[in-house]
Amino acid sequence: MSVAASFSPALGSFFSLSRSPSRFRMTLQSNSVSVTATVSPLLTKLKRDCATPLPVLEEVADAMSAQMRSGLALDAPTQLPMIPTYVQNLPTGNEKGLFYALDLGGTNFRVLRVQLGGKEERVIATEFEQGPIPQHLMFGTTEELFDFIASGLAKFAEKESDKFHLPPGRTREIGFTFSFPVKQTSIDSGTLIKWTKGFAISGTEGRDVVACLNEALKRQGLNMRVSALVNDTVGTLAGAEYWDNDVMVAVILGTGTNACYVEQINAIPKLQGHVFPSGRMIISTEWGAFSTSLPLTEFDEEMDAASINPGEQIFEKTISGMYLGEIVRRALLKMAQVGGLFGKSVPQKLTMPFTLRTPDLCAMQQDNSVDLQAVGSILYDRTGVESNLSARKIVLEVCDTVIKRGGRLAGAGIVGILQKMEEDSKGIIFGKRTVVAVDGGLYENYPHYRAYLQDSVTELLGLEKSNNVVIQHSKDGSGIGAALLAASNSMYKHQF
Ligand code: BGC
């Protein structure tokens, strides 16, 4: 049913880095005893600073609920933006026709088309292409970025096969997934609040991203129309709920992070005075901006200070894929400099930001060999360090400490949302089966992180309640979800 191709097979996705163990030199240090002694106080401090026992998780979950309320109450800057998405109704299943979706995430860009067949046939055919967003575009101009998107779409649209049908005279409609904080002004317009995930394109903030895309489509000579602008969490919620009506919350844990959920209009004071017939709206929490009660370390603080958005997106910087490798690198660097973890000298590469990436941590944590050969090899390839067995064991403990904190805090965030929803409408969450749809490369590819997240949800809710809360991976749902929302908001929808 689906055909997948890639713009650029040479550059893999977030979690498909290739590595070559053959480049690893087998020279090992022999100072294992002294290393353990000098490094162990540093490791103990790291573990203490990252600890997430139940009371810390409870505090984080409660603070998340409280911050959600503050964000809903005022249309002024608060910690959580709590963005009304103008999505009032989730897809019903009746959607029919050909729709496109464009997805600009943190690492990849993806285009997709889907032929929807209504209640009976559901998804008749789908095709997609995806590729990495070239690094230079993250620091270029708004026009360069949107031209890249529009030209990717134009090339993809040319290859439409006869599995896809559009009645004569109709314009192709797009669901545009734009995975950055946007102040929505309607279902098909919204201005960028700020870039996240390392993007630093000047001049886009404050502009309507749909207008930017429309101008680029025009430059490509493409006659297509954006009928829904959605955050990736919203696309995921719509895509997952299409198959399972118990989905109430969607979370992205990838390069960046965010969560959205269905809120009652009467619980959104900042929307009072407007009429929304359905009585509900999806709220994009932008929880990456959350920062209360988090257990942080000196490495988080240094990384934040050196980032392009210091003081912002602290939750994101503590739990998401873009940053976990960098936190570990900073901790290892200190252990190397102060405790001689890797011998007398510190390789230059280890001092370079972002040389160690989250997928590397994941690959290291999956090394079950006696001598931790893969750990040594990855460390050498990425950071230039030569390690003995005791150093490798310490590296694994550092990885585990940072991943455990990330997964457990993400779980506490989820419970914070569920708790808030339940407090407002008794029985809506805990009286029945409730599904939290999760997508993103970090969640999908990092089993340890996933397990820590689940542990934290179970610890916080207790066995009985957590048995009814299903944390479910919703793979690539956001593309189909965006296309479904384009269909629900189609200008031809009365003709379905
Ligand atoms: C953005 C969100 C997005 C999330 C996941 C964050 O950096 O602010 O809008 O949903 O990443 O992609």
# chains A, B, ... in the order shown; residues from 1 in each chain; ligands from 1
$ residues_around --residues "Leu453 in chain A" --least-positions-apart "2" --cutoff "7 Å" --atoms "only C-alpha atoms" --output "PyMOL selection string"
chain A and resi 407-408+410-411+449-451+455-457
$ closest_atom_pairs --of "range 239-346 of chain A" --to "range 356-359 of chain A" --cutoff "12 Å" --atoms "only C-alpha atoms" --output "JSON lines"
{"residue": "A:Gly254", "atom": "CA", "partner": "A:Thr358", "partner_atom": "CA", "distance": 10.1}
{"residue": "A:Thr255", "atom": "CA", "partner": "A:Thr358", "partner_atom": "CA", "distance": 9.3}
{"residue": "A:Ile319", "atom": "CA", "partner": "A:Thr358", "partner_atom": "CA", "distance": 10.9}
{"residue": "A:Ser320", "atom": "CA", "partner": "A:Thr358", "partner_atom": "CA", "distance": 9.0}
{"residue": "A:Gly321", "atom": "CA", "partner": "A:Thr358", "partner_atom": "CA", "distance": 5.8}
{"residue": "A:Met322", "atom": "CA", "partner": "A:Thr358", "partner_atom": "CA", "distance": 7.0}
{"residue": "A:Tyr323", "atom": "CA", "partner": "A:Thr358", "partner_atom": "CA", "distance": 7.3}
{"residue": "A:Leu324", "atom": "CA", "partner": "A:Thr358", "partner_atom": "CA", "distance": 5.6}
{"residue": "A:Gly325", "atom": "CA", "partner": "A:Arg357", "partner_atom": "CA", "distance": 4.2}
{"residue": "A:Glu326", "atom": "CA", "partner": "A:Leu356", "partner_atom": "CA", "distance": 6.1}
{"residue": "A:Ile327", "atom": "CA", "partner": "A:Leu356", "partner_atom": "CA", "distance": 9.0}
{"residue": "A:Val328", "atom": "CA", "partner": "A:Leu356", "partner_atom": "CA", "distance": 7.7}
{"residue": "A:Arg329", "atom": "CA", "partner": "A:Leu356", "partner_atom": "CA", "distance": 6.0}
{"residue": "A:Arg330", "atom": "CA", "partner": "A:Leu356", "partner_atom": "CA", "distance": 9.5}
{"residue": "A:Ala331", "atom": "CA", "partner": "A:Leu356", "partner_atom": "CA", "distance": 11.4}
{"residue": "A:Leu332", "atom": "CA", "partner": "A:Leu356", "partner_atom": "CA", "distance": 10.3}
{"residue": "A:Leu333", "atom": "CA", "partner": "A:Leu356", "partner_atom": "CA", "distance": 11.1}
$ residues_around --residues "range 435-441 of chain A" --least-positions-apart "3" --cutoff "10 Å" --atoms "only C-alpha atoms" --output "PDB file with N, CA and C atoms, in the first residue's frame"
ATOM      1  N   SER A  13      18.532   9.340   8.809  1.00  0.00           N
ATOM      2  CA  SER A  13      17.688  10.095   9.707  1.00  0.00           C
ATOM      3  C   SER A  13      18.377  10.197  11.067  1.00  0.00           C
ATOM      4  N   PHE A  14      17.684  10.796  12.010  1.00  0.00           N
ATOM      5  CA  PHE A  14      18.238  11.061  13.341  1.00  0.00           C
ATOM      6  C   PHE A  14      18.869   9.822  13.961  1.00  0.00           C
ATOM      7  N   PHE A  15      18.262   8.669  13.751  1.00  0.00           N
ATOM      8  CA  PHE A  15      18.752   7.480  14.411  1.00  0.00           C
ATOM      9  C   PHE A  15      19.372   6.455  13.466  1.00  0.00           C
ATOM     10  N   SER A  16      19.928   6.903  12.342  1.00  0.00           N
ATOM     11  CA  SER A  16      20.507   5.893  11.462  1.00  0.00           C
ATOM     12  C   SER A  16      21.955   6.230  11.095  1.00  0.00           C
ATOM     13  N   GLY A 105      10.089  18.944  10.479  1.00  0.00           N
ATOM     14  CA  GLY A 105      10.391  18.627  11.879  1.00  0.00           C
ATOM     15  C   GLY A 105      11.682  19.301  12.295  1.00  0.00           C
ATOM     16  N   THR A 107      14.717  17.531  12.314  1.00  0.00           N
ATOM     17  CA  THR A 107      15.829  16.894  11.622  1.00  0.00           C
ATOM     18  C   THR A 107      15.462  16.578  10.182  1.00  0.00           C
ATOM     19  N   ASP A 232       3.337  19.102  15.024  1.00  0.00           N
ATOM     20  CA  ASP A 232       3.486  17.643  14.863  1.00  0.00           C
ATOM     21  C   ASP A 232       2.740  16.847  15.936  1.00  0.00           C
ATOM     22  N   THR A 233       2.618  17.414  17.142  1.00  0.00           N
ATOM     23  CA  THR A 233       1.854  16.707  18.177  1.00  0.00           C
ATOM     24  C   THR A 233       0.384  16.602  17.761  1.00  0.00           C
ATOM     25  N   THR A 236      -0.074  14.046  15.189  1.00  0.00           N
ATOM     26  CA  THR A 236       0.010  12.716  15.808  1.00  0.00           C
ATOM     27  C   THR A 236      -1.299  12.365  16.514  1.00  0.00           C
ATOM     28  N   LEU A 237      -1.861  13.343  17.214  1.00  0.00           N
ATOM     29  CA  LEU A 237      -3.140  13.096  17.915  1.00  0.00           C
ATOM     30  C   LEU A 237      -4.235  12.745  16.906  1.00  0.00           C
ATOM     31  N   ALA A 238      -4.316  13.544  15.824  1.00  0.00           N
ATOM     32  CA  ALA A 238      -5.364  13.298  14.823  1.00  0.00           C
ATOM     33  C   ALA A 238      -5.156  11.933  14.157  1.00  0.00           C
ATOM     34  N   GLY A 239      -3.890  11.630  13.809  1.00  0.00           N
ATOM     35  CA  GLY A 239      -3.583  10.359  13.131  1.00  0.00           C
ATOM     36  C   GLY A 239      -3.885   9.164  14.024  1.00  0.00           C
ATOM     37  N   ALA A 240      -3.556   9.282  15.317  1.00  0.00           N
ATOM     38  CA  ALA A 240      -3.748   8.147  16.219  1.00  0.00           C
ATOM     39  C   ALA A 240      -5.229   7.979  16.573  1.00  0.00           C
ATOM     40  N   GLU A 241      -5.923   9.102  16.753  1.00  0.00           N
ATOM     41  CA  GLU A 241      -7.327   9.030  17.156  1.00  0.00           C
ATOM     42  C   GLU A 241      -8.218   8.497  16.030  1.00  0.00           C
ATOM     43  N   ASP A 244      -8.146   4.961  16.909  1.00  0.00           N
ATOM     44  CA  ASP A 244      -8.449   4.570  18.286  1.00  0.00           C
ATOM     45  C   ASP A 244      -9.028   5.768  19.045  1.00  0.00           C
ATOM     46  N   ASN A 245     -10.318   5.690  19.332  1.00  0.00           N
ATOM     47  CA  ASN A 245     -11.000   6.842  19.936  1.00  0.00           C
ATOM     48  C   ASN A 245     -10.583   7.137  21.366  1.00  0.00           C
ATOM     49  N   ASP A 246      -9.816   6.239  21.980  1.00  0.00           N
ATOM     50  CA  ASP A 246      -9.394   6.486  23.363  1.00  0.00           C
ATOM     51  C   ASP A 246      -8.152   7.364  23.458  1.00  0.00           C
ATOM     52  N   VAL A 247      -7.595   7.789  22.304  1.00  0.00           N
ATOM     53  CA  VAL A 247      -6.392   8.634  22.348  1.00  0.00           C
ATOM     54  C   VAL A 247      -6.797  10.035  22.820  1.00  0.00           C
ATOM     55  N   MET A 248      -6.165  10.479  23.913  1.00  0.00           N
ATOM     56  CA  MET A 248      -6.519  11.776  24.510  1.00  0.00           C
ATOM     57  C   MET A 248      -5.353  12.756  24.489  1.00  0.00           C
ATOM     58  N   VAL A 249      -4.151  12.225  24.392  1.00  0.00           N
ATOM     59  CA  VAL A 249      -2.949  13.054  24.493  1.00  0.00           C
ATOM     60  C   VAL A 249      -1.957  12.555  23.444  1.00  0.00           C
ATOM     61  N   ALA A 250      -1.199  13.476  22.845  1.00  0.00           N
ATOM     62  CA  ALA A 250      -0.108  13.045  21.949  1.00  0.00           C
ATOM     63  C   ALA A 250       1.173  13.744  22.359  1.00  0.00           C
ATOM     64  N   VAL A 251       2.259  12.997  22.289  1.00  0.00           N
ATOM     65  CA  VAL A 251       3.556  13.516  22.736  1.00  0.00           C
ATOM     66  C   VAL A 251       4.591  13.239  21.648  1.00  0.00           C
ATOM     67  N   ILE A 252       5.452  14.206  21.397  1.00  0.00           N
ATOM     68  CA  ILE A 252       6.601  13.956  20.523  1.00  0.00           C
ATOM     69  C   ILE A 252       7.852  13.950  21.384  1.00  0.00           C
ATOM     70  N   LEU A 253       8.633  12.883  21.252  1.00  0.00           N
ATOM     71  CA  LEU A 253       9.942  12.796  21.897  1.00  0.00           C
ATOM     72  C   LEU A 253      10.945  12.446  20.800  1.00  0.00           C
ATOM     73  N   GLY A 254      11.472  13.461  20.181  1.00  0.00           N
ATOM     74  CA  GLY A 254      12.428  13.266  19.094  1.00  0.00           C
ATOM     75  C   GLY A 254      13.563  14.242  19.295  1.00  0.00           C
ATOM     76  N   THR A 255      13.934  14.948  18.239  1.00  0.00           N
ATOM     77  CA  THR A 255      14.948  15.992  18.362  1.00  0.00           C
ATOM     78  C   THR A 255      14.486  16.993  19.420  1.00  0.00           C
ATOM     79  N   GLY A 256      13.229  17.405  19.311  1.00  0.00           N
ATOM     80  CA  GLY A 256      12.618  18.278  20.321  1.00  0.00           C
ATOM     81  C   GLY A 256      11.481  17.545  20.994  1.00  0.00           C
ATOM     82  N   THR A 257      10.729  18.258  21.813  1.00  0.00           N
ATOM     83  CA  THR A 257       9.599  17.608  22.489  1.00  0.00           C
ATOM     84  C   THR A 257       8.437  18.569  22.681  1.00  0.00           C
ATOM     85  N   ALA A 259       3.775  18.290  23.754  1.00  0.00           N
ATOM     86  CA  ALA A 259       2.606  17.447  23.991  1.00  0.00           C
ATOM     87  C   ALA A 259       1.356  18.263  23.706  1.00  0.00           C
ATOM     88  N   CYS A 260       0.314  17.597  23.223  1.00  0.00           N
ATOM     89  CA  CYS A 260      -0.967  18.287  23.041  1.00  0.00           C
ATOM     90  C   CYS A 260      -2.083  17.394  23.561  1.00  0.00           C
ATOM     91  N   TYR A 261      -3.246  17.974  23.781  1.00  0.00           N
ATOM     92  CA  TYR A 261      -4.370  17.207  24.318  1.00  0.00           C
ATOM     93  C   TYR A 261      -5.664  17.945  23.986  1.00  0.00           C
ATOM     94  N   SER A 320      15.030  15.796  25.635  1.00  0.00           N
ATOM     95  CA  SER A 320      14.857  15.457  24.215  1.00  0.00           C
ATOM     96  C   SER A 320      16.159  15.081  23.513  1.00  0.00           C
ATOM     97  N   GLY A 321      15.996  14.463  22.358  1.00  0.00           N
ATOM     98  CA  GLY A 321      17.097  13.828  21.637  1.00  0.00           C
ATOM     99  C   GLY A 321      18.219  14.753  21.211  1.00  0.00           C
ATOM    100  N   PRO A 359      21.859   9.084  19.538  1.00  0.00           N
ATOM    101  CA  PRO A 359      21.913   7.721  18.977  1.00  0.00           C
ATOM    102  C   PRO A 359      23.182   6.963  19.387  1.00  0.00           C
ATOM    103  N   ILE A 414       3.813  13.664  31.299  1.00  0.00           N
ATOM    104  CA  ILE A 414       2.583  13.028  30.803  1.00  0.00           C
ATOM    105  C   ILE A 414       1.557  12.915  31.938  1.00  0.00           C
ATOM    106  N   LEU A 418      -2.362  14.340  32.311  1.00  0.00           N
ATOM    107  CA  LEU A 418      -3.507  13.460  32.608  1.00  0.00           C
ATOM    108  C   LEU A 418      -4.214  13.917  33.883  1.00  0.00           C
ATOM    109  N   ILE A 429     -10.274  10.497  32.353  1.00  0.00           N
ATOM    110  CA  ILE A 429      -8.994   9.829  32.110  1.00  0.00           C
ATOM    111  C   ILE A 429      -8.901   8.496  32.837  1.00  0.00           C
ATOM    112  N   LYS A 432     -11.486   4.953  32.759  1.00  0.00           N
ATOM    113  CA  LYS A 432     -11.620   4.152  31.532  1.00  0.00           C
ATOM    114  C   LYS A 432     -10.256   3.956  30.882  1.00  0.00           C
ATOM    115  N   GLU A 444      11.028   6.127  19.816  1.00  0.00           N
ATOM    116  CA  GLU A 444      10.930   4.944  18.968  1.00  0.00           C
ATOM    117  C   GLU A 444      12.186   4.062  19.061  1.00  0.00           C
ATOM    118  N   ASN A 445      13.340   4.697  19.119  1.00  0.00           N
ATOM    119  CA  ASN A 445      14.577   3.929  18.950  1.00  0.00           C
ATOM    120  C   ASN A 445      15.379   3.670  20.212  1.00  0.00           C
ATOM    121  N   TYR A 446      14.958   4.238  21.327  1.00  0.00           N
ATOM    122  CA  TYR A 446      15.784   4.106  22.532  1.00  0.00           C
ATOM    123  C   TYR A 446      15.025   3.305  23.596  1.00  0.00           C
ATOM    124  N   ASN A 468      -4.802   1.155  33.028  1.00  0.00           N
ATOM    125  CA  ASN A 468      -5.744   1.687  32.046  1.00  0.00           C
ATOM    126  C   ASN A 468      -5.153   2.786  31.177  1.00  0.00           C
ATOM    127  N   VAL A 469      -3.927   3.207  31.506  1.00  0.00           N
ATOM    128  CA  VAL A 469      -3.295   4.267  30.714  1.00  0.00           C
ATOM    129  C   VAL A 469      -2.276   3.605  29.777  1.00  0.00           C
ATOM    130  N   VAL A 470      -2.602   3.644  28.495  1.00  0.00           N
ATOM    131  CA  VAL A 470      -1.743   2.961  27.524  1.00  0.00           C
ATOM    132  C   VAL A 470      -0.839   3.990  26.850  1.00  0.00           C
ATOM    133  N   ILE A 471       0.468   3.847  27.063  1.00  0.00           N
ATOM    134  CA  ILE A 471       1.409   4.730  26.384  1.00  0.00           C
ATOM    135  C   ILE A 471       1.805   3.996  25.110  1.00  0.00           C
ATOM    136  N   GLN A 472       1.400   4.537  23.981  1.00  0.00           N
ATOM    137  CA  GLN A 472       1.478   3.752  22.753  1.00  0.00           C
ATOM    138  C   GLN A 472       2.300   4.457  21.682  1.00  0.00           C
ATOM    139  N   HIS A 473       3.210   3.722  21.069  1.00  0.00           N
ATOM    140  CA  HIS A 473       3.967   4.338  19.971  1.00  0.00           C
ATOM    141  C   HIS A 473       3.058   4.486  18.754  1.00  0.00           C
ATOM    142  N   SER A 474       3.000   5.722  18.225  1.00  0.00           N
ATOM    143  CA  SER A 474       2.141   5.956  17.071  1.00  0.00           C
ATOM    144  C   SER A 474       3.061   6.340  15.915  1.00  0.00           C
ATOM    145  N   LYS A 475       3.519   5.352  15.183  1.00  0.00           N
ATOM    146  CA  LYS A 475       4.579   5.603  14.210  1.00  0.00           C
ATOM    147  C   LYS A 475       4.078   6.404  13.021  1.00  0.00           C
ATOM    148  N   ASP A 476       4.776   7.517  12.757  1.00  0.00           N
ATOM    149  CA  ASP A 476       4.519   8.336  11.573  1.00  0.00           C
ATOM    150  C   ASP A 476       3.065   8.744  11.427  1.00  0.00           C
ATOM    151  N   GLY A 477       2.367   8.814  12.547  1.00  0.00           N
ATOM    152  CA  GLY A 477       0.951   9.187  12.473  1.00  0.00           C
ATOM    153  C   GLY A 477       0.776  10.648  12.101  1.00  0.00           C
ATOM    154  N   SER A 478       1.811  11.463  12.319  1.00  0.00           N
ATOM    155  CA  SER A 478       1.579  12.905  12.193  1.00  0.00           C
ATOM    156  C   SER A 478       1.340  13.332  10.749  1.00  0.00           C
TER     157      SER A 478
END
$ residues_around --residues "Asp371 in chain A" --least-positions-apart "3" --cutoff "9 Å" --atoms "only C-alpha atoms" --output "PDB file with C-alpha atoms, in the first residue's frame"
ATOM      1  CA  ASN A 368      26.275  -6.492  25.971  1.00  0.00           C
ATOM      2  CA  ALA A 374      31.179  -1.293  20.831  1.00  0.00           C
ATOM      3  CA  VAL A 375      31.320   1.290  23.618  1.00  0.00           C
ATOM      4  CA  GLY A 376      35.075   1.646  23.064  1.00  0.00           C
ATOM      5  CA  ASN A 388      39.835   0.770  29.109  1.00  0.00           C
ATOM      6  CA  LEU A 389      37.070  -1.432  30.481  1.00  0.00           C
ATOM      7  CA  ARG A 392      33.757   2.290  29.501  1.00  0.00           C
TER       8      ARG A 392
END
$ residues_around --residues "Gln115 in chain A" --least-positions-apart "5" --cutoff "6 Å" --atoms "only C-alpha atoms" --output "list in words"
Gly97, Leu98, Ile124, Ala125 and Phe164 of chain A
$ closest_residue --among "A:Thr142, A:Ser284, A:Ser291, A:Thr44" --to "ligand 1" --atoms "only C-alpha atoms and all ligand atoms"
A:Ser284
$ closest_residue --among "A:Lys344, A:Lys119, A:Lys393, A:Lys183" --to "Met82 in chain A" --atoms "only C-alpha atoms"
A:Lys183
$ residues_around --residues "Ile394 in chain A" --least-positions-apart "5" --cutoff "10 Å" --atoms "only C-alpha atoms" --output "PDB file with all heavy atoms, in the first residue's frame"
ATOM      1  N   VAL A  35      41.730   5.555  38.038  1.00  0.00           N
ATOM      2  CA  VAL A  35      40.651   6.265  37.349  1.00  0.00           C
ATOM      3  C   VAL A  35      39.361   6.160  38.140  1.00  0.00           C
ATOM      4  O   VAL A  35      38.691   7.146  38.409  1.00  0.00           O
ATOM      5  CB  VAL A  35      40.458   5.719  35.913  1.00  0.00           C
ATOM      6  CG1 VAL A  35      39.115   6.130  35.368  1.00  0.00           C
ATOM      7  CG2 VAL A  35      41.555   6.230  35.017  1.00  0.00           C
ATOM      8  N   THR A  36      39.017   4.950  38.545  1.00  0.00           N
ATOM      9  CA  THR A  36      37.768   4.752  39.266  1.00  0.00           C
ATOM     10  C   THR A  36      37.765   5.607  40.535  1.00  0.00           C
ATOM     11  O   THR A  36      36.773   6.246  40.861  1.00  0.00           O
ATOM     12  CB  THR A  36      37.583   3.260  39.619  1.00  0.00           C
ATOM     13  OG1 THR A  36      37.830   2.523  38.443  1.00  0.00           O
ATOM     14  CG2 THR A  36      36.204   2.987  40.142  1.00  0.00           C
ATOM     15  N   VAL A  39      37.360   9.402  39.569  1.00  0.00           N
ATOM     16  CA  VAL A  39      36.127   9.767  38.866  1.00  0.00           C
ATOM     17  C   VAL A  39      34.887   9.502  39.719  1.00  0.00           C
ATOM     18  O   VAL A  39      33.873  10.195  39.575  1.00  0.00           O
ATOM     19  CB  VAL A  39      36.039   9.003  37.520  1.00  0.00           C
ATOM     20  CG1 VAL A  39      34.689   9.179  36.876  1.00  0.00           C
ATOM     21  CG2 VAL A  39      37.124   9.494  36.574  1.00  0.00           C
ATOM     22  N   SER A  40      34.990   8.550  40.617  1.00  0.00           N
ATOM     23  CA  SER A  40      33.785   8.147  41.318  1.00  0.00           C
ATOM     24  C   SER A  40      33.075   9.280  42.091  1.00  0.00           C
ATOM     25  O   SER A  40      31.839   9.349  42.068  1.00  0.00           O
ATOM     26  CB  SER A  40      34.106   6.908  42.122  1.00  0.00           C
ATOM     27  OG  SER A  40      33.828   6.989  43.375  1.00  0.00           O
ATOM     28  N   LEU A  43      31.003  11.029  39.526  1.00  0.00           N
ATOM     29  CA  LEU A  43      29.856  10.223  39.106  1.00  0.00           C
ATOM     30  C   LEU A  43      28.763  10.255  40.183  1.00  0.00           C
ATOM     31  O   LEU A  43      27.571  10.395  39.880  1.00  0.00           O
ATOM     32  CB  LEU A  43      30.319   8.782  38.837  1.00  0.00           C
ATOM     33  CG  LEU A  43      29.270   7.824  38.305  1.00  0.00           C
ATOM     34  CD1 LEU A  43      28.689   8.312  36.990  1.00  0.00           C
ATOM     35  CD2 LEU A  43      29.852   6.419  38.117  1.00  0.00           C
ATOM     36  N   LEU A 332      31.393  13.736  30.584  1.00  0.00           N
ATOM     37  CA  LEU A 332      32.611  12.946  30.331  1.00  0.00           C
ATOM     38  C   LEU A 332      33.835  13.848  30.227  1.00  0.00           C
ATOM     39  O   LEU A 332      34.919  13.503  30.693  1.00  0.00           O
ATOM     40  CB  LEU A 332      32.466  12.121  29.041  1.00  0.00           C
ATOM     41  CG  LEU A 332      31.395  11.026  29.058  1.00  0.00           C
ATOM     42  CD1 LEU A 332      31.388  10.267  27.732  1.00  0.00           C
ATOM     43  CD2 LEU A 332      31.606  10.067  30.226  1.00  0.00           C
ATOM     44  N   MET A 335      34.959  14.664  33.604  1.00  0.00           N
ATOM     45  CA  MET A 335      35.596  13.483  34.219  1.00  0.00           C
ATOM     46  C   MET A 335      36.974  13.241  33.618  1.00  0.00           C
ATOM     47  O   MET A 335      37.877  12.753  34.293  1.00  0.00           O
ATOM     48  CB  MET A 335      34.703  12.250  34.037  1.00  0.00           C
ATOM     49  CG  MET A 335      33.458  12.329  34.885  1.00  0.00           C
ATOM     50  SD  MET A 335      32.366  10.946  34.546  1.00  0.00           S
ATOM     51  CE  MET A 335      31.025  11.325  35.684  1.00  0.00           C
ATOM     52  N   LEU A 341      39.729  10.426  33.349  1.00  0.00           N
ATOM     53  CA  LEU A 341      38.946   9.244  32.931  1.00  0.00           C
ATOM     54  C   LEU A 341      39.564   8.502  31.747  1.00  0.00           C
ATOM     55  O   LEU A 341      39.535   7.276  31.684  1.00  0.00           O
ATOM     56  CB  LEU A 341      37.496   9.666  32.623  1.00  0.00           C
ATOM     57  CG  LEU A 341      36.557   8.596  32.087  1.00  0.00           C
ATOM     58  CD1 LEU A 341      36.396   7.441  33.071  1.00  0.00           C
ATOM     59  CD2 LEU A 341      35.176   9.182  31.789  1.00  0.00           C
ATOM     60  N   LEU A 389      38.380  -0.907  30.098  1.00  0.00           N
ATOM     61  CA  LEU A 389      37.070  -1.432  30.481  1.00  0.00           C
ATOM     62  C   LEU A 389      36.434  -0.623  31.613  1.00  0.00           C
ATOM     63  O   LEU A 389      35.232  -0.332  31.583  1.00  0.00           O
ATOM     64  CB  LEU A 389      37.210  -2.911  30.875  1.00  0.00           C
ATOM     65  CG  LEU A 389      35.901  -3.640  31.160  1.00  0.00           C
ATOM     66  CD1 LEU A 389      34.951  -3.561  29.966  1.00  0.00           C
ATOM     67  CD2 LEU A 389      36.163  -5.099  31.521  1.00  0.00           C
ATOM     68  N   CYS A 399      25.746   7.602  30.764  1.00  0.00           N
ATOM     69  CA  CYS A 399      24.638   7.558  29.789  1.00  0.00           C
ATOM     70  C   CYS A 399      23.338   7.198  30.502  1.00  0.00           C
ATOM     71  O   CYS A 399      22.298   7.848  30.318  1.00  0.00           O
ATOM     72  CB  CYS A 399      24.888   6.496  28.712  1.00  0.00           C
ATOM     73  SG  CYS A 399      26.261   6.848  27.643  1.00  0.00           S
ATOM     74  N   ASP A 400      23.404   6.152  31.314  1.00  0.00           N
ATOM     75  CA  ASP A 400      22.194   5.673  31.967  1.00  0.00           C
ATOM     76  C   ASP A 400      21.592   6.744  32.884  1.00  0.00           C
ATOM     77  O   ASP A 400      20.371   6.916  32.939  1.00  0.00           O
ATOM     78  CB  ASP A 400      22.503   4.396  32.754  1.00  0.00           C
ATOM     79  CG  ASP A 400      21.234   3.728  33.211  1.00  0.00           C
ATOM     80  OD1 ASP A 400      20.423   3.371  32.336  1.00  0.00           O
ATOM     81  OD2 ASP A 400      21.013   3.606  34.433  1.00  0.00           O
TER      82      ASP A 400
END
$ closest_residue --among "A:Phe290, A:Phe109, A:Phe128, A:Tyr492" --to "Ser179 in chain A" --atoms "only C-alpha atoms"
A:Phe109
$ residues_around --residues "Pro91 in chain A" --least-positions-apart "2" --cutoff "7 Å" --atoms "only C-alpha atoms" --output "list in words"
Asn89, Gly93, Ala238, Tyr242, Leu484, Leu485 and Ser488 of chain A
$ closest_residue --among "A:Leu461, A:Met64, A:Ala486, A:Leu80" --to "ligand 1" --atoms "only C-alpha atoms and all ligand atoms"
A:Leu80
$ closest_residue --among "A:Glu316, A:Glu160, A:Asp103, A:Glu127" --to "ligand 1" --atoms "only C-alpha atoms and all ligand atoms"
A:Glu316
$ closest_residue --among "A:Phe315, A:Leu112, A:Val395, A:Val385" --to "Val346 in chain A" --atoms "only C-alpha atoms"
A:Val385
$ select_by_dssp --residues "range 221-327 of chain A" --states "alpha helix (DSSP H)" --output "ChimeraX atom specification"
/A:232-241,298-306,314-319,321-327
$ write_last_selection --atoms "C-alpha atoms" --output "short mmCIF file (atom, residue, chain, number, x, y, z; two decimals), in the first residue's frame"
data_model
loop_
_atom_site.label_atom_id
_atom_site.label_comp_id
_atom_site.auth_asym_id
_atom_site.auth_seq_id
_atom_site.Cartn_x
_atom_site.Cartn_y
_atom_site.Cartn_z
CA ASP A 232 3.49 17.64 14.86
CA THR A 233 1.85 16.71 18.18
CA VAL A 234 -1.53 17.71 16.75
CA GLY A 235 -0.91 15.66 13.60
CA THR A 236 0.01 12.72 15.81
CA LEU A 237 -3.14 13.10 17.91
CA ALA A 238 -5.36 13.30 14.82
CA GLY A 239 -3.58 10.36 13.13
CA ALA A 240 -3.75 8.15 16.22
CA GLU A 241 -7.33 9.03 17.16
CA GLU A 298 26.14 22.03 36.09
CA PHE A 299 26.31 20.42 32.62
CA ASP A 300 22.72 21.41 31.81
CA GLU A 301 23.46 24.94 32.90
CA GLU A 302 26.63 25.18 30.82
CA MET A 303 24.92 23.68 27.77
CA ASP A 304 22.00 26.08 28.13
CA ALA A 305 24.30 29.08 28.48
CA ALA A 306 26.16 28.09 25.30
CA ILE A 314 14.69 23.91 29.63
CA PHE A 315 12.42 20.82 29.76
CA GLU A 316 13.27 20.16 26.10
CA LYS A 317 16.98 20.51 26.87
CA THR A 318 16.63 17.98 29.72
CA ILE A 319 14.57 15.26 28.02
CA GLY A 321 17.10 13.83 21.64
CA MET A 322 18.94 16.90 20.46
CA TYR A 323 20.53 17.43 23.88
CA LEU A 324 21.04 14.16 25.77
CA GLY A 325 24.25 13.24 23.94
CA GLU A 326 25.65 16.70 24.57
CA ILE A 327 24.93 16.53 28.31
#
$ select_by_dssp --residues "range 287-480 of chain A" --states "strand (DSSP E or B)" --output "PyMOL selection string"
chain A and resi 434-439+469-473
$ atom_distance --atom1 "CA of Glu459 in chain A" --atom2 "CA of Val56 in chain A"
11.7 Å
$ atom_distance --atom1 "CA of Phe146 in chain A" --atom2 "CA of Phe99 in chain A"
19.8 Å
